[in-house]
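Visitor: Just one file: final16.pdb, with PDB, C-alpha atoms.
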ATOM      1  CA  MET A   1     -14.372 -49.415  17.326  1.00  0.00           C
ATOM      2  CA  ASN A   2     -14.645 -48.227  13.727  1.00  0.00           C
ATOM      3  CA  MET A   3     -11.516 -49.438  11.911  1.00  0.00           C
ATOM      4  CA  SER A   4     -12.138 -47.585   8.618  1.00  0.00           C
ATOM      5  CA  PHE A   5     -10.136 -44.622   9.915  1.00  0.00           C
ATOM      6  CA  TRP A   6      -7.125 -46.845  10.612  1.00  0.00           C
ATOM      7  CA  ARG A   7      -7.247 -48.377   7.102  1.00  0.00           C
ATOM      8  CA  ILE A   8      -6.186 -45.052   5.578  1.00  0.00           C
ATOM      9  CA  GLY A   9      -2.693 -45.640   6.890  1.00  0.00           C
ATOM     10  CA  LEU A  10       0.222 -43.395   7.669  1.00  0.00           C
ATOM     11  CA  PRO A  11       1.533 -43.044   4.069  1.00  0.00           C
ATOM     12  CA  THR A  12      -1.826 -41.660   2.922  1.00  0.00           C
ATOM     13  CA  ILE A  13      -1.908 -39.149   5.765  1.00  0.00           C
ATOM     14  CA  ALA A  14       1.644 -38.054   4.909  1.00  0.00           C
ATOM     15  CA  VAL A  15       0.677 -37.506   1.258  1.00  0.00           C
ATOM     16  CA  ILE A  16      -2.334 -35.433   2.298  1.00  0.00           C
ATOM     17  CA  ALA A  17      -0.187 -33.335   4.641  1.00  0.00           C
ATOM     18  CA  LEU A  18       2.546 -32.779   2.028  1.00  0.00           C
ATOM     19  CA  SER A  19       0.063 -31.858  -0.678  1.00  0.00           C
ATOM     20  CA  CYS A  20      -0.901 -28.818   1.408  1.00  0.00           C
ATOM     21  CA  ALA A  21       2.716 -27.633   1.780  1.00  0.00           C
ATOM     22  CA  PRO A  22       3.002 -25.806  -1.602  1.00  0.00           C
ATOM     23  CA  VAL A  23      -0.066 -23.729  -0.812  1.00  0.00           C
ATOM     24  CA  LEU A  24       1.412 -22.662   2.518  1.00  0.00           C
ATOM     25  CA  ALA A  25       4.755 -21.784   0.891  1.00  0.00           C
ATOM     26  CA  ALA A  26       2.991 -19.709  -1.770  1.00  0.00           C
ATOM     27  CA  ASP A  27       1.064 -17.845   0.918  1.00  0.00           C
ATOM     28  CA  LEU A  28       4.309 -17.000   2.696  1.00  0.00           C
ATOM     29  CA  GLU A  29       5.856 -15.662  -0.516  1.00  0.00           C
ATOM     30  CA  THR A  30       3.016 -13.216  -1.081  1.00  0.00           C
ATOM     31  CA  GLN A  31       3.525 -11.780   2.389  1.00  0.00           C
ATOM     32  CA  VAL A  32       7.014 -10.468   1.620  1.00  0.00           C
ATOM     33  CA  VAL A  33       7.021  -6.685   1.974  1.00  0.00           C
ATOM     34  CA  ASP A  34       9.155  -4.418  -0.185  1.00  0.00           C
ATOM     35  CA  LYS A  35      10.484  -2.031   2.440  1.00  0.00           C
ATOM     36  CA  ASN A  36      11.311   0.556  -0.248  1.00  0.00           C
ATOM     37  CA  CYS A  37       7.851   0.606  -1.839  1.00  0.00           C
ATOM     38  CA  TRP A  38       5.868   3.324  -0.078  1.00  0.00           C
ATOM     39  CA  ILE A  39       4.802   6.938  -0.153  1.00  0.00           C
ATOM     40  CA  GLU A  40       4.766   9.189   2.873  1.00  0.00           C
ATOM     41  CA  ILE A  41       2.139  11.910   2.711  1.00  0.00           C
ATOM     42  CA  PHE A  42       2.175  15.095   4.781  1.00  0.00           C
ATOM     43  CA  GLU A  43      -0.610  17.490   5.693  1.00  0.00           C
ATOM     44  CA  ASP A  44       1.798  20.451   5.484  1.00  0.00           C
ATOM     45  CA  ASP A  45       4.449  21.462   2.976  1.00  0.00           C
ATOM     46  CA  ASN A  46       8.154  20.800   3.546  1.00  0.00           C
ATOM     47  CA  TYR A  47       7.505  17.392   5.173  1.00  0.00           C
ATOM     48  CA  ASP A  48       6.397  18.935   8.476  1.00  0.00           C
ATOM     49  CA  MET A  49       6.781  16.061  10.965  1.00  0.00           C
ATOM     50  CA  ASP A  50       4.942  18.023  13.679  1.00  0.00           C
ATOM     51  CA  ASP A  51       1.671  17.849  11.733  1.00  0.00           C
ATOM     52  CA  PRO A  52      -0.177  14.704  10.585  1.00  0.00           C
ATOM     53  CA  HIS A  53       1.685  12.441   8.162  1.00  0.00           C
ATOM     54  CA  VAL A  54       1.419   8.763   7.255  1.00  0.00           C
ATOM     55  CA  LYS A  55       3.456   6.222   5.286  1.00  0.00           C
ATOM     56  CA  LEU A  56       1.404   4.092   2.870  1.00  0.00           C
ATOM     57  CA  GLN A  57       2.947   0.708   2.015  1.00  0.00           C
ATOM     58  CA  GLY A  58       2.700  -0.579  -1.556  1.00  0.00           C
ATOM     59  CA  PRO A  59       1.731  -2.204  -3.715  1.00  0.00           C
ATOM     60  CA  LYS A  60      -1.769  -0.937  -3.120  1.00  0.00           C
ATOM     61  CA  GLU A  61      -4.539   1.066  -4.710  1.00  0.00           C
ATOM     62  CA  PHE A  62      -6.357   3.715  -2.695  1.00  0.00           C
ATOM     63  CA  ALA A  63      -9.634   4.530  -4.494  1.00  0.00           C
ATOM     64  CA  THR A  64     -10.300   7.012  -1.725  1.00  0.00           C
ATOM     65  CA  LEU A  65      -8.080   8.594   0.894  1.00  0.00           C
ATOM     66  CA  LYS A  66     -10.793   8.738   3.541  1.00  0.00           C
ATOM     67  CA  ASN A  67     -10.020   7.032   6.843  1.00  0.00           C
ATOM     68  CA  LEU A  68      -6.330   6.325   6.272  1.00  0.00           C
ATOM     69  CA  ALA A  69      -4.761   5.878   9.690  1.00  0.00           C
ATOM     70  CA  GLY A  70      -7.912   7.401  11.185  1.00  0.00           C
ATOM     71  CA  LYS A  71      -7.798  10.600   9.111  1.00  0.00           C
ATOM     72  CA  ASP A  72      -9.524  11.822   5.956  1.00  0.00           C
ATOM     73  CA  TRP A  73      -6.580  12.660   3.674  1.00  0.00           C
ATOM     74  CA  SER A  74      -8.744  13.613   0.684  1.00  0.00           C
ATOM     75  CA  ASN A  75      -7.665  17.049  -0.508  1.00  0.00           C
ATOM     76  CA  ASP A  76      -5.337  17.408   2.485  1.00  0.00           C
ATOM     77  CA  ILE A  77      -1.837  16.553   1.170  1.00  0.00           C
ATOM     78  CA  GLU A  78       0.778  19.263   0.650  1.00  0.00           C
ATOM     79  CA  SER A  79       4.069  17.331   0.436  1.00  0.00           C
ATOM     80  CA  VAL A  80       5.206  13.765  -0.297  1.00  0.00           C
ATOM     81  CA  VAL A  81       8.258  11.514  -0.119  1.00  0.00           C
ATOM     82  CA  VAL A  82       8.327   8.413  -2.342  1.00  0.00           C
ATOM     83  CA  GLY A  83      10.246   5.229  -1.479  1.00  0.00           C
ATOM     84  CA  SER A  84      13.153   4.219  -3.709  1.00  0.00           C
ATOM     85  CA  ASN A  85      11.240   1.290  -5.240  1.00  0.00           C
ATOM     86  CA  ALA A  86       7.790   2.873  -5.586  1.00  0.00           C
ATOM     87  CA  LYS A  87       5.991   4.431  -8.516  1.00  0.00           C
ATOM     88  CA  VAL A  88       2.996   6.473  -7.439  1.00  0.00           C
ATOM     89  CA  LYS A  89       0.125   7.923  -9.419  1.00  0.00           C
ATOM     90  CA  ALA A  90      -2.030  10.471  -7.620  1.00  0.00           C
ATOM     91  CA  TYR A  91      -5.420  11.564  -8.893  1.00  0.00           C
ATOM     92  CA  GLU A  92      -7.454  14.712  -8.371  1.00  0.00           C
ATOM     93  CA  ASP A  93     -10.688  12.734  -7.856  1.00  0.00           C
ATOM     94  CA  LYS A  94     -11.616   9.506  -6.081  1.00  0.00           C
ATOM     95  CA  ASP A  95     -11.641   6.222  -8.024  1.00  0.00           C
ATOM     96  CA  PHE A  96      -8.503   7.206  -9.995  1.00  0.00           C
ATOM     97  CA  LYS A  97     -10.197   9.940 -12.006  1.00  0.00           C
ATOM     98  CA  GLY A  98      -9.354  13.516 -12.876  1.00  0.00           C
ATOM     99  CA  THR A  99      -5.908  15.035 -13.305  1.00  0.00           C
ATOM    100  CA  GLU A 100      -3.118  12.482 -12.793  1.00  0.00           C
ATOM    101  CA  LEU A 101       0.249  13.256 -11.242  1.00  0.00           C
ATOM    102  CA  ALA A 102       3.042  10.648 -11.410  1.00  0.00           C
ATOM    103  CA  PHE A 103       5.812  10.422  -8.823  1.00  0.00           C
ATOM    104  CA  ALA A 104       9.080   8.630  -9.610  1.00  0.00           C
ATOM    105  CA  PRO A 105      10.961   6.318  -7.233  1.00  0.00           C
ATOM    106  CA  GLY A 106      12.823   8.323  -4.587  1.00  0.00           C
ATOM    107  CA  GLN A 107      11.100  11.585  -5.519  1.00  0.00           C
ATOM    108  CA  ARG A 108      10.561  14.244  -2.860  1.00  0.00           C
ATOM    109  CA  VAL A 109       8.029  17.022  -3.419  1.00  0.00           C
ATOM    110  CA  PRO A 110       8.148  19.626  -0.636  1.00  0.00           C
ATOM    111  CA  ASN A 111       5.286  21.719  -2.030  1.00  0.00           C
ATOM    112  CA  LEU A 112       2.551  20.187  -4.198  1.00  0.00           C
ATOM    113  CA  GLY A 113       1.237  23.720  -4.787  1.00  0.00           C
ATOM    114  CA  LYS A 114       4.038  24.243  -7.296  1.00  0.00           C
ATOM    115  CA  LEU A 115       2.522  21.367  -9.298  1.00  0.00           C
ATOM    116  CA  ASP A 116      -1.024  22.718  -8.869  1.00  0.00           C
ATOM    117  CA  MET A 117      -1.979  19.706  -6.717  1.00  0.00           C
ATOM    118  CA  ALA A 118      -1.756  20.986  -3.121  1.00  0.00           C
ATOM    119  CA  ASN A 119      -4.765  19.744  -1.175  1.00  0.00           C
ATOM    120  CA  ASP A 120      -6.098  18.323  -4.441  1.00  0.00           C
ATOM    121  CA  ILE A 121      -5.464  14.535  -4.264  1.00  0.00           C
ATOM    122  CA  GLU A 122      -8.335  12.122  -3.586  1.00  0.00           C
ATOM    123  CA  SER A 123      -6.980   8.735  -4.765  1.00  0.00           C
ATOM    124  CA  MET A 124      -3.663   7.079  -5.616  1.00  0.00           C
ATOM    125  CA  THR A 125      -1.881   3.905  -6.641  1.00  0.00           C
ATOM    126  CA  VAL A 126       1.438   2.704  -5.258  1.00  0.00           C
ATOM    127  CA  ALA A 127       3.235   0.203  -7.526  1.00  0.00           C
ATOM    128  CA  CYS A 128       6.484  -1.582  -6.665  1.00  0.00           C
ATOM    129  CA  GLY A 129       9.440  -2.314  -8.914  1.00  0.00           C
ATOM    130  CA  SER A 130      11.310  -0.598 -11.673  1.00  0.00           C
TER     131      SER A 130
END
Transcribe the structure of this file into structure tokens.
Guide:
Amino acid sequence: MNMSFWRIGLPTIAVIALSCAPVLAADLETQVVDKNCWIEIFEDDNYDMDDPHVKLQGPKEFATLKNLAGKDWSNDIESVVVGSNAKVKAYEDKDFKGTELAFAPGQRVPNLGKLDMANDIESMTVACGS
């Protein structure tokens, strides 16, 4: 029997195991979700719940709105509701280019047409915090 494994000893194994603990704790911290950092986008104006809509959790950058929840949302958003701890920037073109529209925390926009952005958003960022 090879005894070199047994020479390591229990204290050494404990130190190795404990040295990994901070990494695991840090990973758990990054998984905390801010339940108030989101934007809900609607295909129709006035937050029509009968038509397609989806809530996008932040913080996150969406360089394109294609294939979000199985739908191409590019140029297909008419109203939005922003979470109370989210700051959103929407862009007319993909990759955060073109006209920019900023939404404040808690903002509700029932008709993006009044801001000349109905069906005109192709990318966005959702940032958390004040």
Visitor: How big is the axis-aligned box around the listed atoms of stretch 45-63 of chain A once 6 Å is added on each side, and where is its centre? Give both in Å to one decimal, as AutoDock Vina command-line options.
Guide:
--center_x -0.7 --center_y 9.6 --center_z 4.5 --size_x 29.8 --size_y 35.7 --size_z 30.4
Visitor: Can you spell out as a count of residues only the set of residues that the PyMOL selection byres ((chain A and resi 79) around 8) selects in the structure I just provided?
Guide: 17
Visitor: Per residue of stretch 44-93 of chain A within 8 Å of stretch 121-130 of chain A, note the shortest atom pair and the distance in Å to one decimal, counting all atoms listed in the file, and order the rows by chain and increasing residue number, as JSON lines.
Guide:
{"residue": "A:Gln57", "atom": "CA", "partner": "A:Val126", "partner_atom": "CA", "distance": 7.7}
{"residue": "A:Gly58", "atom": "CA", "partner": "A:Val126", "partner_atom": "CA", "distance": 5.1}
{"residue": "A:Pro59", "atom": "CA", "partner": "A:Ala127", "partner_atom": "CA", "distance": 4.8}
{"residue": "A:Lys60", "atom": "CA", "partner": "A:Val126", "partner_atom": "CA", "distance": 5.3}
{"residue": "A:Glu61", "atom": "CA", "partner": "A:Thr125", "partner_atom": "CA", "distance": 4.3}
{"residue": "A:Phe62", "atom": "CA", "partner": "A:Met124", "partner_atom": "CA", "distance": 5.2}
{"residue": "A:Ala63", "atom": "CA", "partner": "A:Ser123", "partner_atom": "CA", "distance": 5.0}
{"residue": "A:Thr64", "atom": "CA", "partner": "A:Ser123", "partner_atom": "CA", "distance": 4.8}
{"residue": "A:Leu65", "atom": "CA", "partner": "A:Glu122", "partner_atom": "CA", "distance": 5.7}
{"residue": "A:Trp73", "atom": "CA", "partner": "A:Glu122", "partner_atom": "CA", "distance": 7.5}
{"residue": "A:Ser74", "atom": "CA", "partner": "A:Glu122", "partner_atom": "CA", "distance": 4.5}
{"residue": "A:Asn75", "atom": "CA", "partner": "A:Ile121", "partner_atom": "CA", "distance": 5.0}
{"residue": "A:Asp76", "atom": "CA", "partner": "A:Ile121", "partner_atom": "CA", "distance": 7.3}
{"residue": "A:Ile77", "atom": "CA", "partner": "A:Ile121", "partner_atom": "CA", "distance": 6.8}
{"residue": "A:Asn85", "atom": "CA", "partner": "A:Gly129", "partner_atom": "CA", "distance": 5.5}
{"residue": "A:Ala86", "atom": "CA", "partner": "A:Cys128", "partner_atom": "CA", "distance": 4.8}
{"residue": "A:Lys87", "atom": "CA", "partner": "A:Ala127", "partner_atom": "CA", "distance": 5.1}
{"residue": "A:Val88", "atom": "CA", "partner": "A:Val126", "partner_atom": "CA", "distance": 4.6}
{"residue": "A:Lys89", "atom": "CA", "partner": "A:Thr125", "partner_atom": "CA", "distance": 5.3}
{"residue": "A:Ala90", "atom": "CA", "partner": "A:Met124", "partner_atom": "CA", "distance": 4.3}
{"residue": "A:Tyr91", "atom": "CA", "partner": "A:Ser123", "partner_atom": "CA", "distance": 5.2}
{"residue": "A:Glu92", "atom": "CA", "partner": "A:Ile121", "partner_atom": "CA", "distance": 4.6}
{"residue": "A:Asp93", "atom": "CA", "partner": "A:Glu122", "partner_atom": "CA", "distance": 4.9}
Visitor: What separation in Å, quoted to one decimal, exists between atom CA of A:Lys114 and atom CA of A:Asp72?
Guide: 22.7 Å
Visitor: So, counting only C-alpha atoms, which residue among A:Thr99, A:Asp50, A:Lys71, A:Ala104 is closest to A:Trp38?
Guide: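 Smallest distance to A:Trp38 is found for A:Ala104.
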Visitor: How far is it from atom CA of A:Lys66 to atom CA of A:Asn119, in Å with one decimal?
Guide: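 That distance, rounded to one decimal, is 13.4 Å.
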Visitor: Just the number, please: distance in Å from atom CA of A:Gly113 to atom CA of A:Glu100, one decimal.
Guide: 14.5 Å
Visitor: In file coordinates, which residues lie within 8 Å of (1.1, 6.9, 7.1) using only C-alpha atoms, given as a ChimeraX atom specification?
Guide: /A:40-41,53-56,68-69
Visitor: Suppose we keep C-alpha atoms; can you now write the selection as an mmCIF file, in the frame of the given file?
Guide:
data_model
loop_
_atom_site.group_PDB
_atom_site.id
_atom_site.type_symbol
_atom_site.label_atom_id
_atom_site.label_comp_id
_atom_site.auth_asym_id
_atom_site.auth_seq_id
_atom_site.Cartn_x
_atom_site.Cartn_y
_atom_site.Cartn_z
ATOM 1 C CA GLU A 40 4.766 9.189 2.873
ATOM 2 C CA ILE A 41 2.139 11.910 2.711
ATOM 3 C CA HIS A 53 1.685 12.441 8.162
ATOM 4 C CA VAL A 54 1.419 8.763 7.255
ATOM 5 C CA LYS A 55 3.456 6.222 5.286
ATOM 6 C CA LEU A 56 1.404 4.092 2.870
ATOM 7 C CA LEU A 68 -6.330 6.325 6.272
ATOM 8 C CA ALA A 69 -4.761 5.878 9.690
#
Visitor: Since the input has fewer atoms than a full residue there, write stretch 85-104 of chain A out with N, CA, C and O atoms, as a short mmCIF file (atom, residue, chain, number, x, y, z; two decimals), in the coordinates of the input.
Guide:
data_model
loop_
_atom_site.label_atom_id
_atom_site.label_comp_id
_atom_site.auth_asym_id
_atom_site.auth_seq_id
_atom_site.Cartn_x
_atom_site.Cartn_y
_atom_site.Cartn_z
N ASN A 85 11.72 2.33 -4.33
CA ASN A 85 11.24 1.29 -5.24
C ASN A 85 9.73 1.42 -5.50
O ASN A 85 9.06 0.45 -5.78
N ALA A 86 9.23 2.64 -5.38
CA ALA A 86 7.79 2.87 -5.59
C ALA A 86 7.55 3.81 -6.75
O ALA A 86 8.30 4.76 -6.97
N LYS A 87 6.50 3.52 -7.49
CA LYS A 87 5.99 4.43 -8.52
C LYS A 87 4.58 4.77 -8.10
O LYS A 87 3.76 3.88 -7.87
N VAL A 88 4.29 6.04 -7.96
CA VAL A 88 3.00 6.47 -7.44
C VAL A 88 2.28 7.33 -8.47
O VAL A 88 2.89 8.18 -9.11
N LYS A 89 0.99 7.07 -8.61
CA LYS A 89 0.12 7.92 -9.42
C LYS A 89 -0.94 8.47 -8.49
O LYS A 89 -1.63 7.72 -7.80
N ALA A 90 -1.04 9.79 -8.45
CA ALA A 90 -2.03 10.47 -7.62
C ALA A 90 -3.07 11.10 -8.54
O ALA A 90 -2.75 11.59 -9.62
N TYR A 91 -4.32 11.08 -8.07
CA TYR A 91 -5.42 11.56 -8.89
C TYR A 91 -6.21 12.63 -8.15
O TYR A 91 -6.41 12.56 -6.95
N GLU A 92 -6.71 13.60 -8.92
CA GLU A 92 -7.45 14.71 -8.37
C GLU A 92 -8.79 14.27 -7.77
O GLU A 92 -9.28 14.88 -6.82
N ASP A 93 -9.38 13.20 -8.32
CA ASP A 93 -10.69 12.73 -7.86
C ASP A 93 -10.59 11.30 -7.35
O ASP A 93 -9.65 10.57 -7.69
N LYS A 94 -11.59 10.88 -6.57
CA LYS A 94 -11.62 9.51 -6.08
C LYS A 94 -11.79 8.56 -7.26
O LYS A 94 -12.13 8.98 -8.37
N ASP A 95 -11.52 7.28 -7.01
CA ASP A 95 -11.64 6.22 -8.02
C ASP A 95 -10.72 6.44 -9.22
O ASP A 95 -11.06 6.10 -10.35
N PHE A 96 -9.56 7.06 -8.98
CA PHE A 96 -8.50 7.21 -9.99
C PHE A 96 -8.96 8.02 -11.20
O PHE A 96 -8.66 7.69 -12.35
N LYS A 97 -9.68 9.08 -10.94
CA LYS A 97 -10.20 9.94 -12.01
C LYS A 97 -9.65 11.35 -11.85
O LYS A 97 -9.13 11.72 -10.82
N GLY A 98 -9.81 12.13 -12.89
CA GLY A 98 -9.35 13.52 -12.88
C GLY A 98 -7.88 13.63 -13.25
O GLY A 98 -7.27 12.69 -13.76
N THR A 99 -7.32 14.78 -13.00
CA THR A 99 -5.91 15.04 -13.30
C THR A 99 -5.03 14.02 -12.60
O THR A 99 -5.22 13.71 -11.43
N GLU A 100 -4.05 13.48 -13.33
CA GLU A 100 -3.12 12.48 -12.79
C GLU A 100 -1.74 13.10 -12.63
O GLU A 100 -1.27 13.82 -13.50
N LEU A 101 -1.11 12.80 -11.52
CA LEU A 101 0.25 13.26 -11.24
C LEU A 101 1.08 12.03 -10.90
O LEU A 101 0.72 11.26 -10.01
N ALA A 102 2.19 11.81 -11.64
CA ALA A 102 3.04 10.65 -11.41
C ALA A 102 4.28 11.04 -10.62
O ALA A 102 4.91 12.07 -10.90
N PHE A 103 4.60 10.22 -9.62
CA PHE A 103 5.81 10.42 -8.82
C PHE A 103 6.78 9.28 -9.10
O PHE A 103 6.39 8.11 -9.11
N ALA A 104 8.04 9.61 -9.32
CA ALA A 104 9.08 8.63 -9.61
C ALA A 104 9.66 8.06 -8.32
O ALA A 104 9.55 8.68 -7.25
#
